[in-house]
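A short worksheet on the structure shown next.
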Amino acid sequence: MKNRVSVRWHLWDLLAFRRLVPNRKKRIARASSEPLTRDPINELARQLHPDRLCLTIAEIRDETKTTRTFKLVADPDSDTRSLAYFRAGQYLSLRAHVNGATVTRPYSISSAPFEALGKDGFYEITIRQVEDGFLTGHIWEHWHVGTQIESSDPAGFFYHEPLRDRQAIVGLAGGSGITPFRSMAREIAHGKSDLKLTLMYGSSDEEDIPFYDEFKELERKAPDQFKAVHVLSCEPVSLEGCEQGFITAALIEKHADVETSSFFVCGPPLMYQFVEKELATFNLPPKRIRREVLGEVKDVAQLPGFPSNVVGKTFTLKVHIGDVTTEIPARADETVLVAMERANLAPPSKCRSGECGFCRSRLVQGEVYVNQEQDGRRAADRQFNYFHPCSSWPITDLEIHVPRSVD
Amino acid sequence: MGELVNANDQSINRSYDCVVIGAGNGGLGAAAQLAAKGAKVLLLEQHNLPGGFASSFVRGRFEFETSLHEFCNVGSVTDKGSVREFLEDELGMHLDWVQVPEAFRMILTGPGEALDVTMPYGVEEFIDAIERYVPECRESITNYIDLCKEVVDAIAYLAASKGNPDRDVLMKEYANFLKTCPYTMDQVARALKVPPKAQKILHALWCYLGPPTSRTSFTIFAAMFYKFLITNAYIPRQRSHEYTSALDTRIRELGGQIEYNTRVERILVQGGQITGVETSRGDRIETRHVISNASPTLVYNKLIYPQSEVPEIAYKECNARVHGVTGFVVYLGLDATLEELGLGEYSYFIFESMDTDEMYDSLKTLPTPKIQATACLNNALPDCSPPGTSIMSITTLYRPEAWKDVKPHKYVATKNRIANELIANFEKATGAPIREHIEELEVATPQTFARYTGSYQGVIYAYEPEPWDSLIPRMMCMNDDKHFDGLEFCGGFAFRCHGYSSALLSGQTAALLTVRDMMEKGELA
């Protein structure tokens with residue numbers, strides 16, 4: 001077989017081979033010696049996804065007796081010059097320092113993407129006091145106009161995707177789950193989106209509906225594109241245009257065209273459980289129902305498969321971060337992430353729902369319980385003993401290796 | 001506010017035999033080989049995962065491959081390619097590789113093109129198949145493939161000779177290799193009188209290299225093409241994150257240390273000698289050896305400190321070489337099986353034509369490129385997604401300049417418009433109604449590749465392998481290109497050129513060169 005080929009052999013071929021090296025040198029010698037400075041691709045990547053955003057509170061508004069909106073702008077004393085653009089429905093992971101510990105919390109951005117643009121750009125986050133006593137207590141007390149807040153880049157996947165979702169979407173929300181839909185509604189009402197949104201929002205108190213008046217105004221601005229239906233579990237209902245009861249299948253059918261819509265669900269766990277049952281009656285393919293991640297599970301002992309014998313126990317957690325090894329206590333009813341935050345190890349975290357993988361760490365020894373509903377690990381991570389501390393609970397003593405946070 | 005109370009406590013201030021910058025294919029290969037040779041190695045990676053471009057991500061009930069189409073040079077258990085030899089025999093790893101069922105199906109969609117071919121790997125199989133489409137091309141194709149074999153054998157001989165080949169052996173045994181070295185794919189195919197229609201089929205894999213066939217080095221194409229023919233193509237069972245995680249594990253088992261979320265900001269140099277690195281986390285690490293998975297472009301323009309240590313010639317090299325293309329990928333999780341969609345192949349190359357100059361020109365502006373390479377994962381891995389579903393990824397390429405003026409608020413609309421057209425082009429070419437089955441969708445742009453790796457301009461195809469700067473001239477110029485004592489490069493920008501297997505194996509080479517250097521200097525115990 002070998003050398004059966006006869007490429008016609010010319011003298012200049014050999015010459016060309018001998019000239020490969022001198023030619024390469026010549027080409028290099030001819031080139032400019034200017035350093036390369038601009039890289040617009042990486043610049044845009046950094047603009048969209050900065051390692052962190054340094055923000056400051058510009059304004060605080062009470063929406064209801066339990067709900068407060070914080071308007072955040074780029075901190076003029078920092079290197080954050082402008083805000084990262086985002087998709088309506090995404091969240092920020094804010095970092096707070098509470099009683100000597102650094103913790104993060106994801107909050108959906110309640111303002112519209114277009115409002116983040118330009119030198120006066122801002123984000124708003126809207127927090128309900130009732131839902132997370134640990135952090136909201138701190139926020140109500142310590143966050144004032146001028147307080148500096150550190151944030152992640154906008155993140156998360158709870159947004160309308162025109163190539164995947166129907167143009168008409170039905171938002172089913174409860175509690176602070178209203179916030180991503182406010183972002184969408186504002187984007188729509190200001191002519192920035194051709195989405196059609198029907199929002200069904202469950203409340204239990206007529207006096208405690210965030211954005212009630214604002215949504216009326218947004219409906220007037222975009223009557224064909226936005227409709228808010230408030231569903232109140234209290235009796236009697238006196239507010240105009242509200243439904244009494246819960247977000248049932250019948251009520252959904254009354255206000256939306258089920259067959260032509262995609263469903264977006266965001267709210268507290270109990271609301272998910274209820275709404276899932278109602279949606280099941282429509283027999284929709286999975287692609288037609290999008291769910292925002294659940295957030296931190298509060299009562300892990302209730303989850304299927306959680307070993308009852310560890311309830312109430314505290315384990316020893318040996319943590320390697322960088323060159324530091326620390327031994328800390330870890331309660332069986334709190335995630336590995338929370339145990340590390342309590343010890344002020346400042347581990348990386350973002351979604352706190354098992355989804356984003358930002359806290360991905362290596363289990364050296366011991367066992368964790370992973371919530372099946374929140375197991376966003378890659379297959380190979382399971383195989384090679386990596387886990388997400390935000391959705392894993394210690395059920396033995398543990399030794400783990402955690403990456404340092406990015407900044 | 002915002003300061004970590006104990007950030008400094010977590011910093012690393014020790015010395016290492018070698019610091020590897022970047023845990024892409026090259027960096028992982030380098031760190032593993034160094035650790036296997038007993039060197040004290042620290043691997044630093046800015047992202048929180050190993051792999052660089054070689055990774056995976058989860059959306060809903062799907063886990064997507066980030067960029068791998070097919071792995072070259074793996075080979076079967078009984079007939080191993082260099083990649084398998086390196087991972088299994090040298091590093092002692094055991095991985096689950098799955099063979100890709102066919103080479104490719106290529107559909108040319110332009111007016112008057114009407115070419116739709118499905119090609120197998122395997123030398124005889126490939127020749128038989130191409131002859132069915134282009135009668136009477138057997139002889140020229142056989143000659144062409146023989147020539148490719150000679151190229152592969154010659155490269156193996158050069159590698160075995162460790163840079164000191166016997167001139168007589170080269171002239172006698174590998175004369176055709178020498179003759180073709182300065183030429184392009186087009187020049188060699190024409191010289192061997194491969195009929196134009198057969199050239200279109202033969203050159204289908206040009207899209208794995210980037211430049212048009214009129215500019216791509218024949219040597220590099222021949223090496224890749226022949227390796228695919230004889231060792232077939234493979235993919236890891238659990239996406240690329242599987243073998244990169246396995247490498248991560250193996251590096252640590254061998255005594256290496258890895259730090260994620262740690263960006264190297266400076267490579268410290270004194271009088272041309274590497275002395276250490278500094279990181280975004282405030283680490284100050286002493287070392288006399290650095291293997292960089294970051295490109296020479298980034299190292300010379302951004303990392304070497306002080307910058308006055310960088311010689312003028314290093315900037316000239318960066319400017320003389322042509323930075324390759326960047327990528328654009330649409331990932332689709334579908335709620336239908338590939339069978340239901342009528343998609344029988346793993347790999348679809350859908351090009352408007354095989355006028356690769358024209359195709360390449362279409363990568364320079366934002367309208368949708370005229371080429372796509374689409375992988376239907378379940379046709380290689382039937383169980384890679386839940387029953388009743390399937391995974392596809394549509395890849396195209398861009399010159400980075402095409403994206404330079406995109407503004408943040410136009411970014412999503414821009415990528416969605418392109419994704420939409422790529423989907424439409426795929427549907428039109430194959431007749432498969434995929435749009436109505438999209439359950440999960442993600443889009444990676446040049447910015448995405450830049451975001452996760454820091455690659456200059458988001459480039460995924462390193463420096464373009466034109467004949468003047470292809471494998472052989474790069475090998476012959478290795479000493480000339482070396483500007484710092486203790487610095488080696490690995491990854492796609494290194495001498496082997498780009499591609500998963502080349503990048504991985506370049507890490508092995510860089511590690512062996514470093515170990516030799518350490519031993520010569522008496523640095524390695």
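By order of appearance in the structure tokens: chains A, B, ..., then residues from 1 within every chain, and ligands from 1 in the order shown.
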Close residues, His255 (chain A) itself excluded, 12 Å, only C-alpha atoms, min 6 positions apart in chain, as a PyMOL selection string = chain A and resi 169-172+197-200+226-231+241-243+247-249+261
Next, write the just-selected residues to a file, as a short mmCIF file (atom, residue, chain, number, x, y, z; two decimals), in the first residue's frame, keeping N, CA and C atoms as the atom set.
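Here's the written file selection13.cif:
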data_model
loop_
_atom_site.label_atom_id
_atom_site.label_comp_id
_atom_site.auth_asym_id
_atom_site.auth_seq_id
_atom_site.Cartn_x
_atom_site.Cartn_y
_atom_site.Cartn_z
N ILE A 169 -49.16 33.87 27.72
CA ILE A 169 -48.82 33.08 28.89
C ILE A 169 -49.76 33.41 30.04
N VAL A 170 -49.98 32.39 30.87
CA VAL A 170 -50.80 32.56 32.05
C VAL A 170 -49.86 32.46 33.25
N GLY A 171 -49.77 33.52 34.01
CA GLY A 171 -48.94 33.51 35.21
C GLY A 171 -49.80 33.11 36.40
N LEU A 172 -49.34 32.11 37.13
CA LEU A 172 -50.04 31.68 38.33
C LEU A 172 -49.11 31.97 39.50
N LEU A 197 -49.93 38.53 28.61
CA LEU A 197 -49.84 37.94 29.96
C LEU A 197 -51.17 38.05 30.70
N THR A 198 -51.67 36.91 31.14
CA THR A 198 -52.80 36.90 32.06
C THR A 198 -52.27 36.42 33.40
N LEU A 199 -52.29 37.30 34.39
CA LEU A 199 -51.74 36.96 35.69
C LEU A 199 -52.86 36.62 36.66
N MET A 200 -52.79 35.47 37.27
CA MET A 200 -53.74 35.11 38.32
C MET A 200 -52.96 35.04 39.62
N PHE A 226 -52.24 42.66 28.73
CA PHE A 226 -52.04 42.36 30.14
C PHE A 226 -53.36 42.39 30.89
N LYS A 227 -53.55 41.36 31.70
CA LYS A 227 -54.73 41.30 32.56
C LYS A 227 -54.32 40.68 33.89
N ALA A 228 -54.71 41.32 34.98
CA ALA A 228 -54.41 40.77 36.31
C ALA A 228 -55.72 40.33 36.96
N VAL A 229 -55.75 39.09 37.40
CA VAL A 229 -56.93 38.58 38.10
C VAL A 229 -56.51 38.25 39.53
N HIS A 230 -57.05 38.99 40.48
CA HIS A 230 -56.71 38.71 41.88
C HIS A 230 -57.69 37.68 42.44
N VAL A 231 -57.14 36.66 43.03
CA VAL A 231 -57.96 35.58 43.58
C VAL A 231 -57.76 35.60 45.09
N GLY A 241 -63.32 43.63 40.65
CA GLY A 241 -62.74 42.70 39.68
C GLY A 241 -61.97 41.55 40.29
N CYS A 242 -62.23 41.21 41.53
CA CYS A 242 -61.50 40.11 42.15
C CYS A 242 -62.35 38.85 42.19
N GLU A 243 -61.67 37.72 42.20
CA GLU A 243 -62.35 36.43 42.35
C GLU A 243 -62.20 35.98 43.80
N ILE A 247 -56.98 29.43 43.04
CA ILE A 247 -56.72 29.36 41.61
C ILE A 247 -57.03 27.94 41.13
N THR A 248 -58.28 27.71 40.84
CA THR A 248 -58.72 26.37 40.42
C THR A 248 -58.69 26.27 38.90
N ALA A 249 -58.82 25.02 38.42
CA ALA A 249 -58.87 24.79 36.98
C ALA A 249 -60.01 25.58 36.35
N SER A 261 -52.09 28.62 25.53
CA SER A 261 -51.21 29.34 26.45
C SER A 261 -50.10 28.46 27.01
#
Could you list, as a list in words, every residue of chain B that has an atom within 6 Å of an atom of chain A, counting only C-alpha atoms?
-> Gln10, Ile12, Asn143, Lys179, Pro182, Glu242, Tyr260, Asn261, Asn301, Glu312, Tyr315, Lys316, Glu317, Asn319, Ala320, Lys404, Ile438, Glu439, Gln447, Ala450, Arg451, Gln457, Trp468 and Pro473 of chain B
Residue subset to file, keeping N, CA and C atoms, as a PDB file, in the first residue's frame:
ATOM      1  N   GLN B  10      -8.305  32.406  53.208  1.00  0.00           N
ATOM      2  CA  GLN B  10      -8.506  31.342  52.230  1.00  0.00           C
ATOM      3  C   GLN B  10      -7.470  31.376  51.115  1.00  0.00           C
ATOM      4  N   ILE B  12      -3.959  31.245  48.906  1.00  0.00           N
ATOM      5  CA  ILE B  12      -2.938  30.205  48.783  1.00  0.00           C
ATOM      6  C   ILE B  12      -1.592  30.884  48.576  1.00  0.00           C
ATOM      7  N   ASN B 143      -5.996   7.015  -3.431  1.00  0.00           N
ATOM      8  CA  ASN B 143      -4.706   7.696  -3.355  1.00  0.00           C
ATOM      9  C   ASN B 143      -4.708   8.766  -2.275  1.00  0.00           C
ATOM     10  N   LYS B 179       6.206  16.833   0.598  1.00  0.00           N
ATOM     11  CA  LYS B 179       5.743  17.562  -0.587  1.00  0.00           C
ATOM     12  C   LYS B 179       4.454  18.325  -0.319  1.00  0.00           C
ATOM     13  N   PRO B 182       3.386  22.185   2.483  1.00  0.00           N
ATOM     14  CA  PRO B 182       3.131  23.628   2.316  1.00  0.00           C
ATOM     15  C   PRO B 182       1.797  23.940   1.657  1.00  0.00           C
ATOM     16  N   GLU B 242     -18.272  14.333  31.992  1.00  0.00           N
ATOM     17  CA  GLU B 242     -17.857  13.055  32.596  1.00  0.00           C
ATOM     18  C   GLU B 242     -16.337  12.882  32.553  1.00  0.00           C
ATOM     19  N   TYR B 260     -10.860  26.122  41.779  1.00  0.00           N
ATOM     20  CA  TYR B 260     -11.819  26.737  40.854  1.00  0.00           C
ATOM     21  C   TYR B 260     -12.121  28.164  41.309  1.00  0.00           C
ATOM     22  N   ASN B 261     -12.910  28.862  40.519  1.00  0.00           N
ATOM     23  CA  ASN B 261     -13.270  30.267  40.815  1.00  0.00           C
ATOM     24  C   ASN B 261     -12.033  31.121  41.036  1.00  0.00           C
ATOM     25  N   ASN B 301      -0.484  39.595  25.967  1.00  0.00           N
ATOM     26  CA  ASN B 301      -1.147  40.900  26.002  1.00  0.00           C
ATOM     27  C   ASN B 301      -1.709  41.264  27.371  1.00  0.00           C
ATOM     28  N   GLU B 312       9.025  42.242  21.687  1.00  0.00           N
ATOM     29  CA  GLU B 312       8.224  42.731  20.566  1.00  0.00           C
ATOM     30  C   GLU B 312       7.748  41.587  19.668  1.00  0.00           C
ATOM     31  N   TYR B 315       4.338  40.006  20.433  1.00  0.00           N
ATOM     32  CA  TYR B 315       3.152  40.725  19.938  1.00  0.00           C
ATOM     33  C   TYR B 315       2.989  40.483  18.438  1.00  0.00           C
ATOM     34  N   LYS B 316       4.113  40.469  17.736  1.00  0.00           N
ATOM     35  CA  LYS B 316       4.050  40.246  16.287  1.00  0.00           C
ATOM     36  C   LYS B 316       3.453  38.875  15.980  1.00  0.00           C
ATOM     37  N   GLU B 317       3.840  37.879  16.756  1.00  0.00           N
ATOM     38  CA  GLU B 317       3.277  36.542  16.548  1.00  0.00           C
ATOM     39  C   GLU B 317       1.749  36.574  16.677  1.00  0.00           C
ATOM     40  N   ASN B 319      -0.229  39.007  16.279  1.00  0.00           N
ATOM     41  CA  ASN B 319      -0.864  39.772  15.205  1.00  0.00           C
ATOM     42  C   ASN B 319      -0.739  39.085  13.855  1.00  0.00           C
ATOM     43  N   ALA B 320       0.327  38.299  13.670  1.00  0.00           N
ATOM     44  CA  ALA B 320       0.512  37.619  12.387  1.00  0.00           C
ATOM     45  C   ALA B 320      -0.443  36.442  12.246  1.00  0.00           C
ATOM     46  N   LYS B 404     -19.334  42.390  17.102  1.00  0.00           N
ATOM     47  CA  LYS B 404     -18.658  43.427  17.879  1.00  0.00           C
ATOM     48  C   LYS B 404     -19.570  44.595  18.264  1.00  0.00           C
ATOM     49  N   ILE B 438     -40.224  21.796  21.026  1.00  0.00           N
ATOM     50  CA  ILE B 438     -39.177  22.360  21.892  1.00  0.00           C
ATOM     51  C   ILE B 438     -39.686  22.502  23.330  1.00  0.00           C
ATOM     52  N   GLU B 439     -39.124  21.693  24.207  1.00  0.00           N
ATOM     53  CA  GLU B 439     -39.472  21.784  25.629  1.00  0.00           C
ATOM     54  C   GLU B 439     -38.444  22.631  26.389  1.00  0.00           C
ATOM     55  N   GLN B 447     -20.385  35.369  23.063  1.00  0.00           N
ATOM     56  CA  GLN B 447     -20.255  35.925  24.413  1.00  0.00           C
ATOM     57  C   GLN B 447     -20.302  34.825  25.468  1.00  0.00           C
ATOM     58  N   ALA B 450     -16.995  33.213  25.570  1.00  0.00           N
ATOM     59  CA  ALA B 450     -16.072  34.136  26.236  1.00  0.00           C
ATOM     60  C   ALA B 450     -16.326  34.143  27.741  1.00  0.00           C
ATOM     61  N   ARG B 451     -17.583  34.164  28.117  1.00  0.00           N
ATOM     62  CA  ARG B 451     -17.935  34.262  29.527  1.00  0.00           C
ATOM     63  C   ARG B 451     -17.358  33.103  30.348  1.00  0.00           C
ATOM     64  N   GLN B 457     -11.832  37.110  22.337  1.00  0.00           N
ATOM     65  CA  GLN B 457     -12.918  37.266  21.356  1.00  0.00           C
ATOM     66  C   GLN B 457     -13.867  36.061  21.330  1.00  0.00           C
ATOM     67  N   TRP B 468       1.128  27.908   6.426  1.00  0.00           N
ATOM     68  CA  TRP B 468       2.314  28.540   7.029  1.00  0.00           C
ATOM     69  C   TRP B 468       2.326  28.431   8.546  1.00  0.00           C
ATOM     70  N   PRO B 473       4.939  23.479  10.664  1.00  0.00           N
ATOM     71  CA  PRO B 473       5.720  24.691  10.934  1.00  0.00           C
ATOM     72  C   PRO B 473       5.702  25.092  12.412  1.00  0.00           C
TER      73      PRO B 473
END
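Residues within 6 Å of Ala173 (chain A), counting only C-alpha atoms and excluding same-chain residues fewer than 3 positions away, are Gly177, Ile178, Tyr201, Val265, Cys266 and Gly267 of chain A.
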Resulting file, chosen residues, N, CA and C atoms, as a PDB file, in the first residue's frame:
ATOM      1  N   GLY A 177     -44.203  35.596  44.678  1.00  0.00           N
ATOM      2  CA  GLY A 177     -44.154  35.103  43.301  1.00  0.00           C
ATOM      3  C   GLY A 177     -44.750  36.073  42.301  1.00  0.00           C
ATOM      4  N   ILE A 178     -45.306  37.159  42.801  1.00  0.00           N
ATOM      5  CA  ILE A 178     -45.863  38.181  41.897  1.00  0.00           C
ATOM      6  C   ILE A 178     -44.754  38.989  41.211  1.00  0.00           C
ATOM      7  N   TYR A 201     -53.330  35.940  40.540  1.00  0.00           N
ATOM      8  CA  TYR A 201     -52.528  36.082  41.754  1.00  0.00           C
ATOM      9  C   TYR A 201     -53.370  35.796  42.982  1.00  0.00           C
ATOM     10  N   VAL A 265     -45.515  29.344  36.652  1.00  0.00           N
ATOM     11  CA  VAL A 265     -45.938  29.239  38.045  1.00  0.00           C
ATOM     12  C   VAL A 265     -44.835  29.742  38.967  1.00  0.00           C
ATOM     13  N   CYS A 266     -45.202  30.620  39.912  1.00  0.00           N
ATOM     14  CA  CYS A 266     -44.214  31.130  40.858  1.00  0.00           C
ATOM     15  C   CYS A 266     -44.907  31.479  42.166  1.00  0.00           C
ATOM     16  N   GLY A 267     -44.457  30.865  43.237  1.00  0.00           N
ATOM     17  CA  GLY A 267     -45.070  31.161  44.533  1.00  0.00           C
ATOM     18  C   GLY A 267     -44.520  30.258  45.607  1.00  0.00           C
TER      19      GLY A 267
END
Give me every helix (DSSP H, G or I) residue in region 181-402 of chain B, going by DSSP on the backbone, as an MDAnalysis selection string.
-> chainID B and resid 185:191 196:202 204:208 218:231 240:253 296:303 307:309 312:320 338:341 356:361 377:379 400:402
What lies within 8 Å of Ala204 (chain B) using only C-alpha atoms, ignoring chain neighbours under 4 positions off, as a list in words?
-> Met106, Lys200, Phe349 and Met354 of chain B
If you count only C-alpha atoms, the residue of B:Ala160, B:Ile267, B:Ala39, B:Leu87 closest to Val310 (chain B) turns out to be B:Ile267
DSSP says strand (DSSP E or B) for which residues of region 181-311 of chain B? Put them as a ChimeraX atom specification?
-> /B:184,217,234-236,257-259,264-270,273-279,284-286,290-292,304-305
Based on the selection just made, write C-alpha atoms of those residues as a tab-separated table (two decimals), in the first residue's frame.
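Result file follows (part38.tsv):
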chain	number	residue	atom	x	y	z
B	184	THR	CA	-3.88	23.61	1.20
B	217	SER	CA	-3.44	23.23	5.68
B	234	TYR	CA	-16.56	8.68	20.03
B	235	ILE	CA	-18.41	10.66	22.66
B	236	PRO	CA	-18.48	10.25	26.44
B	257	GLN	CA	-4.31	20.51	43.66
B	258	ILE	CA	-7.13	22.28	41.79
B	259	GLU	CA	-8.67	25.63	42.66
B	264	VAL	CA	-4.90	34.11	37.15
B	265	GLU	CA	-4.29	37.83	36.71
B	266	ARG	CA	-0.51	37.92	36.46
B	267	ILE	CA	2.25	35.62	35.42
B	268	LEU	CA	5.30	36.99	37.18
B	269	VAL	CA	8.52	37.11	35.21
B	270	GLN	CA	12.05	38.20	36.08
B	273	GLN	CA	12.29	33.45	33.81
B	274	ILE	CA	8.86	32.56	35.19
B	275	THR	CA	8.79	33.21	38.94
B	276	GLY	CA	5.16	32.93	39.99
B	277	VAL	CA	1.50	33.81	39.45
B	278	GLU	CA	-1.01	36.10	41.14
B	279	THR	CA	-4.75	35.49	41.14
B	284	ARG	CA	0.70	34.78	45.41
B	285	ILE	CA	2.18	31.55	44.24
B	286	GLU	CA	5.82	30.86	43.62
B	290	VAL	CA	3.72	27.66	34.09
B	291	ILE	CA	1.76	25.70	31.54
B	292	SER	CA	-0.87	27.96	30.06
B	304	ILE	CA	2.85	38.59	31.74
B	305	TYR	CA	3.99	40.96	34.48
Determine, counting only C-alpha atoms, which protein, DNA and RNA residues have an atom within 7 Å of an atom of region 481-491 of chain B; residues of the same chain fewer than 4 positions away are not included. Present the result as a PyMOL selection string.
-> chain B and resi 25-27+272-274+288-293+477+503-504+506-507+510
Keeping N, CA and C atoms for every residue in the selection just given, could you write it to a file as an mmCIF file, in the first residue's frame?
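Just written: again-v3.cif:
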data_model
loop_
_atom_site.group_PDB
_atom_site.id
_atom_site.type_symbol
_atom_site.label_atom_id
_atom_site.label_comp_id
_atom_site.auth_asym_id
_atom_site.auth_seq_id
_atom_site.Cartn_x
_atom_site.Cartn_y
_atom_site.Cartn_z
ATOM 1 N N ASN B 25 -9.372 21.324 28.129
ATOM 2 C CA ASN B 25 -8.786 20.042 27.730
ATOM 3 C C ASN B 25 -7.275 20.030 27.938
ATOM 4 N N GLY B 26 -6.593 21.065 27.459
ATOM 5 C CA GLY B 26 -5.142 21.107 27.549
ATOM 6 C C GLY B 26 -4.658 21.162 28.994
ATOM 7 N N GLY B 27 -5.255 22.043 29.782
ATOM 8 C CA GLY B 27 -4.838 22.204 31.169
ATOM 9 C C GLY B 27 -5.069 20.954 31.989
ATOM 10 N N GLY B 272 13.121 37.170 32.020
ATOM 11 C CA GLY B 272 12.748 36.106 31.101
ATOM 12 C C GLY B 272 12.443 34.767 31.767
ATOM 13 N N GLN B 273 12.571 34.702 33.092
ATOM 14 C CA GLN B 273 12.289 33.454 33.807
ATOM 15 C C GLN B 273 10.965 33.581 34.575
ATOM 16 N N ILE B 274 10.106 32.583 34.419
ATOM 17 C CA ILE B 274 8.860 32.562 35.192
ATOM 18 C C ILE B 274 9.200 32.453 36.681
ATOM 19 N N ARG B 288 8.449 28.087 39.147
ATOM 20 C CA ARG B 288 9.368 28.390 38.042
ATOM 21 C C ARG B 288 8.809 27.856 36.721
ATOM 22 N N HIS B 289 7.618 27.215 36.798
ATOM 23 C CA HIS B 289 7.040 26.662 35.577
ATOM 24 C C HIS B 289 5.548 26.962 35.494
ATOM 25 N N VAL B 290 5.149 27.449 34.350
ATOM 26 C CA VAL B 290 3.724 27.661 34.087
ATOM 27 C C VAL B 290 3.386 26.974 32.771
ATOM 28 N N ILE B 291 2.308 26.199 32.800
ATOM 29 C CA ILE B 291 1.759 25.701 31.536
ATOM 30 C C ILE B 291 0.436 26.424 31.348
ATOM 31 N N SER B 292 0.308 27.129 30.248
ATOM 32 C CA SER B 292 -0.872 27.962 30.063
ATOM 33 C C SER B 292 -1.833 27.375 29.038
ATOM 34 N N ASN B 293 -3.039 27.128 29.518
ATOM 35 C CA ASN B 293 -4.136 26.752 28.631
ATOM 36 C C ASN B 293 -4.738 28.038 28.031
ATOM 37 N N CYS B 477 9.039 25.427 14.684
ATOM 38 C CA CYS B 477 9.353 26.748 15.246
ATOM 39 C C CYS B 477 9.198 26.784 16.766
ATOM 40 N N ALA B 503 -6.149 19.299 21.648
ATOM 41 C CA ALA B 503 -5.986 20.152 22.825
ATOM 42 C C ALA B 503 -5.594 19.310 24.043
ATOM 43 N N LEU B 504 -6.282 18.198 24.213
ATOM 44 C CA LEU B 504 -6.001 17.327 25.363
ATOM 45 C C LEU B 504 -4.563 16.799 25.291
ATOM 46 N N SER B 506 -2.071 17.975 23.636
ATOM 47 C CA SER B 506 -1.062 19.035 23.739
ATOM 48 C C SER B 506 -0.714 19.285 25.201
ATOM 49 N N GLY B 507 -1.673 19.029 26.091
ATOM 50 C CA GLY B 507 -1.400 19.156 27.523
ATOM 51 C C GLY B 507 -0.374 18.122 27.966
ATOM 52 N N ALA B 510 3.027 19.319 26.657
ATOM 53 C CA ALA B 510 3.545 20.455 27.434
ATOM 54 C C ALA B 510 4.058 19.979 28.788
#
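Counting only C-alpha atoms and comparing B:Met519, B:Ala294, B:Ala222, B:Ala191, the residue that lies closest to Ser470 (chain B) is B:Ala222.
For Phe221 (chain B), the set of protein, DNA and RNA residues having any atom at most 9 Å away, when counting only C-alpha atoms and skipping those fewer than 4 positions along the same chain, is Cys148, Met185, His203, Leu205, Trp206, Leu209, Thr216, Ser217, Phe225 and Tyr226 of chain B.
Taking CA of Pro106 (chain A) and CA of Gly174 (chain A) as the two end points, the separation is 16.7 Å.
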May I have the residues within 7 Å of Arg250 (chain B) as a ChimeraX atom specification, using only C-alpha atoms and disregarding those fewer than 4 positions away in the same chain?
-> /B:32,246,254
